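Novice: Take a look at model-v8.csv, CSV, C-alpha atoms:
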```
chain,number,residue,atom,x,y,z
A,26,MET,CA,13.1,16.0,-5.8
A,27,PRO,CA,14.2,15.6,-2.3
A,28,HIS,CA,11.4,14.7,0.0
A,29,LEU,CA,12.0,15.3,3.7
A,30,THR,CA,9.7,14.3,6.5
A,31,VAL,CA,10.4,15.1,10.1
A,32,GLU,CA,8.4,13.5,12.9
A,33,TYR,CA,8.5,14.6,16.5
A,34,SER,CA,6.7,13.1,19.4
A,35,CYS,CA,4.0,15.2,21.0
A,36,ASN,CA,5.7,15.4,24.3
A,37,LEU,CA,8.0,18.0,22.7
A,38,PRO,CA,5.3,20.7,22.6
A,39,ASP,CA,7.9,23.4,22.3
A,40,PHE,CA,9.4,22.0,19.1
A,41,PRO,CA,9.8,25.1,16.9
A,42,ALA,CA,7.9,23.9,13.9
A,43,PRO,CA,8.0,26.9,11.5
A,44,GLN,CA,11.6,27.7,12.3
A,45,ALA,CA,12.7,24.1,11.9
A,46,LEU,CA,11.0,24.0,8.4
A,47,ARG,CA,12.8,27.1,7.3
A,48,GLU,CA,16.2,26.1,8.7
A,49,LEU,CA,16.0,22.5,7.4
A,50,ASN,CA,15.3,23.8,3.9
A,51,ALA,CA,18.1,26.3,4.1
A,52,ALA,CA,20.6,23.6,5.2
A,53,VAL,CA,19.5,21.0,2.7
A,54,CYS,CA,19.2,23.4,-0.3
A,55,ALA,CA,22.7,24.6,0.4
A,56,SER,CA,24.0,21.2,-0.6
A,57,PRO,CA,25.5,20.8,-4.1
A,58,GLU,CA,23.2,17.8,-4.5
A,59,VAL,CA,20.1,20.0,-4.7
A,60,ALA,CA,20.0,21.6,-8.1
A,61,ASP,CA,16.9,23.7,-7.6
A,62,GLU,CA,15.8,24.9,-4.2
A,63,ALA,CA,12.1,24.6,-5.2
A,64,ASP,CA,12.5,20.8,-5.4
A,65,LEU,CA,12.8,20.3,-1.7
A,66,LYS,CA,9.5,19.4,-0.1
A,67,THR,CA,9.6,19.2,3.6
A,68,ARG,CA,6.8,18.0,5.9
A,69,LEU,CA,6.6,18.2,9.7
A,70,VAL,CA,4.5,15.7,11.5
A,71,ARG,CA,3.6,15.7,15.2
A,72,VAL,CA,3.2,12.1,16.4
A,73,ASP,CA,0.4,11.9,18.9
A,74,ALA,CA,0.3,8.1,19.6
A,75,PHE,CA,3.7,6.6,20.2
A,76,GLU,CA,5.6,4.4,22.5
A,77,ILE,CA,9.4,4.2,22.9
A,78,GLY,CA,10.8,0.9,24.2
A,79,THR,CA,9.3,-1.0,27.1
A,80,GLN,CA,10.5,0.8,30.2
A,81,PRO,CA,8.3,3.4,32.1
A,82,ALA,CA,10.7,6.3,31.3
A,83,GLN,CA,10.0,9.7,29.9
A,84,ARG,CA,11.2,9.5,26.3
A,85,ALA,CA,10.7,11.6,23.2
A,86,PHE,CA,12.0,11.3,19.7
A,87,VAL,CA,12.7,13.4,16.5
A,88,HIS,CA,13.1,11.4,13.3
A,89,ALA,CA,13.8,12.7,9.9
A,90,GLN,CA,13.6,10.8,6.6
A,91,LEU,CA,15.1,12.3,3.5
A,92,ARG,CA,14.2,10.6,0.2
A,93,LEU,CA,16.4,11.3,-2.9
A,94,LEU,CA,16.7,9.8,-6.3
A,95,SER,CA,19.2,7.0,-6.3
A,96,GLY,CA,22.8,7.6,-7.5
A,97,ARG,CA,24.3,9.7,-4.8
A,98,THR,CA,27.6,8.8,-3.3
A,99,PRO,CA,27.9,7.6,0.2
A,100,GLU,CA,29.7,10.8,1.0
A,101,ALA,CA,26.9,12.9,-0.4
A,102,LYS,CA,24.3,11.0,1.6
A,103,ALA,CA,26.3,11.3,4.8
A,104,ASP,CA,26.7,15.0,4.2
A,105,LEU,CA,22.9,15.5,3.7
A,106,SER,CA,22.1,13.4,6.7
A,107,GLU,CA,24.4,15.6,8.8
A,108,ARG,CA,22.8,18.8,7.4
A,109,VAL,CA,19.5,17.6,8.7
A,110,ALA,CA,20.8,16.3,12.0
A,111,GLY,CA,22.7,19.6,12.6
A,112,VAL,CA,19.5,21.7,12.4
A,113,LEU,CA,17.5,19.2,14.5
A,114,ARG,CA,20.3,18.9,17.1
A,115,ARG,CA,20.2,22.6,17.5
A,116,LEU,CA,16.5,23.2,17.6
A,117,THR,CA,15.0,20.2,19.4
A,118,PRO,CA,13.9,21.0,22.9
A,119,ARG,CA,15.3,19.0,25.8
A,120,PRO,CA,12.6,19.0,28.5
A,121,GLU,CA,14.0,18.2,31.9
A,122,GLY,CA,13.8,14.5,32.8
A,123,VAL,CA,13.0,13.4,29.2
A,124,LEU,CA,15.4,11.3,27.2
A,125,VAL,CA,15.2,12.7,23.6
A,126,GLN,CA,16.5,10.6,20.7
A,127,LEU,CA,17.4,12.1,17.3
A,128,SER,CA,17.7,10.0,14.1
A,129,VAL,CA,18.1,10.7,10.5
A,130,GLU,CA,17.6,8.3,7.6
A,131,ILE,CA,18.5,8.7,3.9
A,132,VAL,CA,16.4,6.7,1.4
A,133,ASP,CA,17.2,6.1,-2.3
A,134,MET,CA,14.2,6.4,-4.5
A,135,ASP,CA,13.9,4.3,-7.7
A,136,ARG,CA,14.9,6.7,-10.5
A,137,PRO,CA,13.5,5.0,-13.7
A,138,SER,CA,9.9,4.9,-12.4
A,139,TYR,CA,9.9,8.3,-10.7
A,140,VAL,CA,7.5,10.9,-12.1
A,141,LYS,CA,8.1,14.6,-11.5
A,142,GLU,CA,6.4,17.6,-13.1
A,143,ARG,CA,5.0,21.0,-12.5
A,144,LEU,CA,1.3,21.4,-13.2
B,25,MET,CA,-0.6,-5.9,-1.7
B,26,PRO,CA,-0.1,-2.6,-3.2
B,27,HIS,CA,0.0,0.2,-0.7
B,28,LEU,CA,-0.6,3.7,-2.1
B,29,THR,CA,-0.2,6.9,-0.1
B,30,VAL,CA,-1.0,10.3,-1.6
B,31,GLU,CA,0.0,13.4,0.3
B,32,TYR,CA,-1.3,16.9,-0.7
B,33,SER,CA,-0.3,20.2,0.8
B,34,CYS,CA,-3.1,22.0,2.7
B,35,ASN,CA,-2.9,25.0,0.4
B,36,LEU,CA,-4.9,22.9,-2.1
B,37,PRO,CA,-8.1,22.9,-0.2
B,38,ASP,CA,-10.2,22.0,-3.3
B,39,PHE,CA,-8.3,18.7,-3.8
B,40,PRO,CA,-11.2,16.3,-4.5
B,41,ALA,CA,-10.3,13.7,-2.0
B,42,PRO,CA,-13.1,11.1,-2.4
B,43,GLN,CA,-13.0,11.3,-6.2
B,44,ALA,CA,-9.2,11.0,-6.2
B,45,LEU,CA,-9.4,7.9,-4.0
B,46,ARG,CA,-11.9,6.2,-6.3
B,47,GLU,CA,-10.2,7.1,-9.5
B,48,LEU,CA,-6.7,6.2,-8.3
B,49,ASN,CA,-7.9,2.8,-7.3
B,50,ALA,CA,-9.7,2.3,-10.6
B,51,ALA,CA,-6.6,3.2,-12.5
B,52,VAL,CA,-4.2,1.1,-10.5
B,53,CYS,CA,-6.5,-2.0,-10.2
B,54,ALA,CA,-6.8,-2.0,-14.0
B,55,SER,CA,-3.1,-2.8,-14.2
B,56,PRO,CA,-2.3,-6.5,-15.0
B,57,GLU,CA,0.1,-6.3,-12.0
B,58,VAL,CA,-2.8,-6.2,-9.5
B,59,ALA,CA,-4.3,-9.7,-9.2
B,60,ASP,CA,-7.1,-8.8,-6.8
B,61,GLU,CA,-8.6,-5.4,-6.6
B,62,ALA,CA,-9.2,-5.8,-2.9
B,63,ASP,CA,-5.4,-5.8,-2.4
B,64,LEU,CA,-5.0,-2.1,-3.1
B,65,LYS,CA,-5.1,0.0,0.0
B,66,THR,CA,-4.9,3.7,-0.6
B,67,ARG,CA,-4.5,6.5,1.9
B,68,LEU,CA,-4.9,10.2,1.4
B,69,VAL,CA,-3.1,12.6,3.7
B,70,ARG,CA,-3.5,16.3,3.9
B,71,VAL,CA,-0.2,17.8,4.9
B,72,ASP,CA,-0.7,20.8,7.3
B,73,ALA,CA,2.9,21.7,8.1
B,74,PHE,CA,5.2,21.9,5.2
B,75,GLU,CA,7.7,24.1,3.4
B,76,ILE,CA,8.8,23.9,-0.2
B,77,GLY,CA,12.3,25.2,-1.0
B,78,THR,CA,13.7,28.5,0.4
B,79,GLN,CA,12.1,31.2,-1.7
B,80,PRO,CA,9.0,33.2,-0.5
B,81,ALA,CA,6.8,31.8,-3.3
B,82,GLN,CA,3.4,30.2,-3.3
B,83,ARG,CA,4.0,26.6,-3.7
B,84,ALA,CA,2.0,23.4,-3.3
B,85,PHE,CA,2.7,19.7,-3.9
B,86,VAL,CA,1.0,16.4,-4.4
B,87,HIS,CA,3.2,13.3,-3.9
B,88,ALA,CA,2.2,9.7,-4.3
B,89,GLN,CA,4.1,6.7,-3.1
B,90,LEU,CA,3.1,3.2,-4.3
B,91,ARG,CA,4.7,0.3,-2.5
B,92,LEU,CA,4.7,-3.1,-4.3
B,93,LEU,CA,6.3,-6.5,-3.5
B,94,SER,CA,9.6,-6.6,-5.3
B,95,GLY,CA,10.0,-8.4,-8.6
B,96,ARG,CA,8.2,-6.1,-11.1
B,97,THR,CA,9.9,-5.2,-14.3
B,98,PRO,CA,11.0,-1.6,-14.9
B,99,GLU,CA,8.3,-1.3,-17.5
B,100,ALA,CA,5.6,-2.5,-15.1
B,101,LYS,CA,6.7,0.0,-12.5
B,102,ALA,CA,6.8,2.9,-15.0
B,103,ASP,CA,3.3,2.0,-16.1
B,104,LEU,CA,2.0,1.9,-12.6
B,105,SER,CA,3.7,5.2,-11.8
B,106,GLU,CA,2.0,6.8,-14.9
B,107,ARG,CA,-1.4,5.4,-13.9
B,108,VAL,CA,-1.1,7.2,-10.6
B,109,ALA,CA,0.3,10.4,-12.2
B,110,GLY,CA,-2.4,10.4,-14.8
B,111,VAL,CA,-5.2,10.6,-12.2
B,112,LEU,CA,-3.4,13.2,-10.1
B,113,ARG,CA,-2.5,15.3,-13.1
B,114,ARG,CA,-6.2,15.5,-14.0
B,115,LEU,CA,-7.7,16.0,-10.6
B,116,THR,CA,-5.2,18.3,-8.8
B,117,PRO,CA,-6.4,21.9,-8.6
B,118,ARG,CA,-4.2,24.7,-9.9
B,119,PRO,CA,-4.9,27.7,-7.7
B,120,GLU,CA,-4.0,31.0,-9.5
B,121,GLY,CA,-0.5,32.1,-8.6
B,122,VAL,CA,0.5,28.8,-6.9
B,123,LEU,CA,3.2,26.6,-8.4
B,124,VAL,CA,2.0,23.0,-7.9
B,125,GLN,CA,4.4,20.1,-8.1
B,126,LEU,CA,3.4,16.5,-8.8
B,127,SER,CA,5.6,13.5,-8.1
B,128,VAL,CA,5.1,9.8,-8.0
B,129,GLU,CA,7.5,7.2,-6.5
B,130,ILE,CA,7.4,3.4,-6.7
B,131,VAL,CA,8.9,1.4,-3.9
B,132,ASP,CA,9.9,-2.2,-3.8
B,133,MET,CA,8.9,-4.1,-0.7
B,134,ASP,CA,10.9,-7.0,0.7
B,135,ARG,CA,9.0,-10.1,-0.4
B,136,PRO,CA,10.4,-12.8,1.9
B,137,SER,CA,9.6,-11.0,5.1
B,138,TYR,CA,6.2,-9.6,4.0
B,139,VAL,CA,3.1,-10.8,5.9
B,140,LYS,CA,-0.3,-10.6,4.4
B,141,GLU,CA,-3.5,-12.1,5.6
B,142,ARG,CA,-7.2,-11.6,6.0
B,143,LEU,CA,-8.5,-11.7,9.5
C,14,MET,CA,17.1,2.0,16.0
C,15,PRO,CA,14.0,0.1,14.9
C,16,HIS,CA,11.2,2.4,13.7
C,17,LEU,CA,7.8,0.9,13.7
C,18,THR,CA,4.7,2.6,12.2
C,19,VAL,CA,1.3,0.9,12.4
C,20,GLU,CA,-1.6,2.4,10.5
C,21,TYR,CA,-5.2,1.3,11.0
C,22,SER,CA,-8.2,2.4,9.0
C,23,CYS,CA,-10.7,4.5,11.0
C,24,ASN,CA,-13.5,2.0,10.5
C,25,LEU,CA,-11.8,0.0,13.2
C,26,PRO,CA,-12.8,2.4,16.0
C,27,ASP,CA,-12.3,-0.2,18.7
C,28,PHE,CA,-8.6,-0.8,17.8
C,29,PRO,CA,-6.9,-0.9,21.2
C,30,ALA,CA,-4.3,1.7,20.6
C,31,PRO,CA,-2.5,1.9,23.9
C,32,GLN,CA,-2.5,-1.8,24.4
C,33,ALA,CA,-1.2,-2.4,20.9
C,34,LEU,CA,1.7,0.0,21.4
C,35,ARG,CA,2.6,-1.7,24.6
C,36,GLU,CA,2.4,-5.3,23.3
C,37,LEU,CA,4.1,-4.5,20.0
C,38,ASN,CA,7.0,-3.0,21.8
C,39,ALA,CA,7.2,-6.0,24.2
C,40,ALA,CA,7.2,-8.4,21.3
C,41,VAL,CA,9.7,-6.6,19.1
C,42,CYS,CA,12.1,-5.8,22.0
C,43,ALA,CA,12.2,-9.5,23.0
C,44,SER,CA,13.9,-10.2,19.7
C,45,PRO,CA,17.7,-10.8,19.9
C,46,GLU,CA,18.0,-8.2,17.1
C,47,VAL,CA,17.0,-5.4,19.4
C,48,ALA,CA,20.1,-4.6,21.6
C,49,ASP,CA,18.5,-1.8,23.7
C,50,GLU,CA,14.8,-1.6,24.3
C,51,ALA,CA,14.9,2.2,24.3
C,52,ASP,CA,15.8,2.1,20.6
C,53,LEU,CA,12.4,1.0,19.4
C,54,LYS,CA,10.2,3.9,18.5
C,55,THR,CA,6.6,2.9,17.6
C,56,ARG,CA,3.9,5.2,16.1
C,57,LEU,CA,0.2,4.4,15.7
C,58,VAL,CA,-1.6,6.3,13.0
C,59,ARG,CA,-5.4,6.2,12.4
C,60,VAL,CA,-6.1,6.6,8.7
C,61,ASP,CA,-9.1,8.8,8.2
C,62,ALA,CA,-9.2,9.0,4.3
C,63,PHE,CA,-8.7,5.7,2.6
C,64,GLU,CA,-10.1,3.4,0.0
C,65,ILE,CA,-9.5,-0.3,-0.4
C,66,GLY,CA,-9.9,-1.7,-3.9
C,67,THR,CA,-12.8,-0.8,-6.2
C,68,GLN,CA,-15.8,-2.8,-5.0
C,69,PRO,CA,-18.5,-1.4,-2.7
C,70,ALA,CA,-17.6,-3.7,0.2
C,71,GLN,CA,-16.9,-3.0,3.8
C,72,ARG,CA,-13.2,-3.3,4.1
C,73,ALA,CA,-10.6,-2.3,6.7
C,74,PHE,CA,-6.9,-2.6,7.1
C,75,VAL,CA,-4.0,-2.7,9.6
C,76,HIS,CA,-0.6,-2.2,8.1
C,77,ALA,CA,2.7,-2.2,9.9
C,78,GLN,CA,6.1,-1.1,8.7
C,79,LEU,CA,9.2,-1.9,10.6
C,80,ARG,CA,12.4,-0.1,9.5
C,81,LEU,CA,15.8,-1.6,10.6
C,82,LEU,CA,19.4,-0.8,9.8
C,83,SER,CA,20.4,-3.1,6.9
C,84,GLY,CA,22.3,-6.3,7.5
C,85,ARG,CA,19.8,-8.6,9.2
C,86,THR,CA,19.4,-12.1,7.9
C,87,PRO,CA,16.2,-13.1,6.1
C,88,GLU,CA,15.4,-15.3,9.0
C,89,ALA,CA,15.7,-12.4,11.5
C,90,LYS,CA,13.5,-10.3,9.3
C,91,ALA,CA,10.9,-12.9,9.0
C,92,ASP,CA,10.9,-13.4,12.8
C,93,LEU,CA,10.5,-9.7,13.4
C,94,SER,CA,7.7,-9.5,10.9
C,95,GLU,CA,5.9,-12.4,12.6
C,96,ARG,CA,6.4,-10.8,16.1
C,97,VAL,CA,4.5,-7.7,14.8
C,98,ALA,CA,1.9,-9.7,13.0
C,99,GLY,CA,1.3,-11.9,16.0
C,100,VAL,CA,0.3,-9.0,18.2
C,101,LEU,CA,-1.8,-7.3,15.5
C,102,ARG,CA,-3.6,-10.6,14.6
C,103,ARG,CA,-4.6,-11.0,18.2
C,104,LEU,CA,-5.6,-7.4,18.9
C,105,THR,CA,-7.2,-6.2,15.7
C,106,PRO,CA,-11.0,-6.0,16.0
C,107,ARG,CA,-13.1,-7.9,13.4
C,108,PRO,CA,-16.3,-5.9,13.1
C,109,GLU,CA,-19.2,-8.0,11.7
C,110,GLY,CA,-19.5,-7.7,7.9
C,111,VAL,CA,-16.1,-6.0,7.5
C,112,LEU,CA,-13.2,-7.7,5.7
C,113,VAL,CA,-10.1,-6.8,7.6
C,114,GLN,CA,-6.7,-7.1,6.0
C,115,LEU,CA,-3.4,-7.3,8.0
C,116,SER,CA,0.0,-6.7,6.5
C,117,VAL,CA,3.5,-6.3,7.8
C,118,GLU,CA,6.5,-5.0,5.9
C,119,ILE,CA,10.2,-4.9,6.9
C,120,VAL,CA,12.4,-2.2,5.4
C,121,ASP,CA,16.2,-2.0,5.4
C,122,MET,CA,17.6,1.4,6.2
C,123,ASP,CA,20.9,2.6,4.7
C,124,ARG,CA,23.4,2.1,7.5
C,125,PRO,CA,26.4,4.3,6.4
C,126,SER,CA,24.3,7.5,6.3
C,127,TYR,CA,22.1,6.8,9.3
C,128,VAL,CA,22.4,9.3,12.2
C,129,LYS,CA,21.4,8.3,15.7
C,130,GLU,CA,22.1,10.1,19.0
C,131,ARG,CA,20.7,11.0,22.3
C,132,LEU,CA,20.3,14.7,22.9
```
What does this structure look like when you write it as structure tokens?
Specialist:
Amino acid sequence: MPHLTVEYSCNLPDFPAPQALRELNAAVCASPEVADEADLKTRLVRVDAFEIGTQPAQRAFVHAQLRLLSGRTPEAKADLSERVAGVLRRLTPRPEGVLVQLSVEIVDMDRPSYVKERL
Amino acid sequence: MPHLTVEYSCNLPDFPAPQALRELNAAVCASPEVADEADLKTRLVRVDAFEIGTQPAQRAFVHAQLRLLSGRTPEAKADLSERVAGVLRRLTPRPEGVLVQLSVEIVDMDRPSYVKERL
Amino acid sequence: MPHLTVEYSCNLPDFPAPQALRELNAAVCASPEVADEADLKTRLVRVDAFEIGTQPAQRAFVHAQLRLLSGRTPEAKADLSERVAGVLRRLTPRPEGVLVQLSVEIVDMDRPSYVKERL
């Protein structure tokens, strides 16, 4: 069930998209919280229209959101967050003169109303 | 107020986008939870960069997220979730050799800070 | 940390994207809730595939979602919501014969599992 979405701003043109997808999935699926590797669905989105803050500085961002069915412990959530952050910290380019921000958010999904099936 | 976003992976090129939009809105607006049909705003997003799990298998997904102002009963949320799932279960293509996953998530939106108006 | 995403339907082709990004960031960063202006990351997304309700009317929408670390008061959230709404109310085009809806949602992000760093 985990749904992972990673956004990166388009001023990081060297962001290694296919490698990031592969390594993110390997890192998250290695967690004991993921029972079946096929459950993890990861999207990568390049953000073409964005603005960071109000100052005329060169800024970029990578943001990941991982959505899980509710019920995980705080420790499990922190561990998953760090798994995602670890991959992105390693793979995100740092263009010279650009301040790059990285963030990772964990979201609880409502379990009773969640539908999941294989067609 | 309901906001519905349906993502489908780009390896489902025959996903019937206009028909899905129409039928999703008909199904959700028929719920007693939707007071005014004009309130339902549905987006359809084809996901071009994605990865499902870690195995080299052909996999696809359709995922819907329905956001509603908080306060619905669990029964109402499960009913809405199933309305969305019912349409997607019927309309999603099953290409030969591809494992297709369907999921539907209901999200409560914070009611006191929500702004809604017609311009 | 605030993450702001603004979607607008593609039948609002005159939506002033760069101006909206600038003015949204100015309005939100002026809030006492935003400690560092560089923290606000705003995305603008044109929605190409959408359907509003079930009637054959000309309809458009602009929807903003502002995600903040949890712990803000209801008053602070309502104020932030209105800052966003104020800019969008002013800048959103009203094409003749088109019903345009505006909405703003505030989302609490899980604080303990949130990762944030500068690379």
Novice: Please identify all polymer residues within 8 Å of Met134 of chain A, counting all atoms listed in the file, omitting same-chain residues fewer than 3 positions from it, and present them as a ChimeraX atom specification.
Specialist: /A:92-95,139 /B:129-131
Novice: For those residues, write C-alpha atoms to a file as a PDB file, in the coordinates of the input.
Specialist:
```
ATOM      1  CA  ARG A  92      14.200  10.600   0.200  1.00  0.00           C
ATOM      2  CA  LEU A  93      16.400  11.300  -2.900  1.00  0.00           C
ATOM      3  CA  LEU A  94      16.700   9.800  -6.300  1.00  0.00           C
ATOM      4  CA  SER A  95      19.200   7.000  -6.300  1.00  0.00           C
ATOM      5  CA  TYR A 139       9.900   8.300 -10.700  1.00  0.00           C
TER       6      TYR A 139
ATOM      7  CA  GLU B 129       7.500   7.200  -6.500  1.00  0.00           C
ATOM      8  CA  ILE B 130       7.400   3.400  -6.700  1.00  0.00           C
ATOM      9  CA  VAL B 131       8.900   1.400  -3.900  1.00  0.00           C
TER      10      VAL B 131
END
```
Novice: Could you pull the residues within 7 Å of Gln71 of chain C, counting only C-alpha atoms, minus those fewer than 3 positions along the same chain, as a JSON list (two decimals) with C-alpha atoms, keeping the file's coordinate frame?
Specialist:
```json
[["chain", "number", "residue", "atom", "x", "y", "z"],
["C", 110, "GLY", "CA", -19.50, -7.70, 7.90],
["C", 111, "VAL", "CA", -16.10, -6.00, 7.50],
["C", 112, "LEU", "CA", -13.20, -7.70, 5.70]]
```
Novice: Report the distance between atom CA of Ile65 of chain C and atom CA of Thr66 of chain B in Å, rounded to one decimal place.
Specialist: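 Going from atom CA of Ile65 of chain C over to atom CA of Thr66 of chain B covers 6.1 Å.
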Novice: Check the smallest atom-to-atom distance from each of B:Leu90, B:Leu48, B:Val69, B:Ala84 to Leu28 of chain B using only C-alpha atoms, then report the winner.
Specialist: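 Between B:Leu90, B:Leu48, B:Val69, B:Ala84, the residue approaching Leu28 of chain B most closely is B:Leu90.
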Novice: Set the cut-off to 7 Å and count all atoms listed in the file: what are the residues of chain A that reach chain C? Output as a ChimeraX atom specification.
Specialist: /A:72,74-79,102-103,106,125-132
Novice: Rounded to one decimal in Å, what is the spacing between atom CA of Glu46 of chain C and atom CA of Glu95 of chain C?
Specialist: 13.6 Å
Novice: Using atom CA of Pro117 of chain B and atom CA of Pro37 of chain B as the two end points, give the distance in Å to one decimal.
Specialist: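 So the answer is 8.6 Å.
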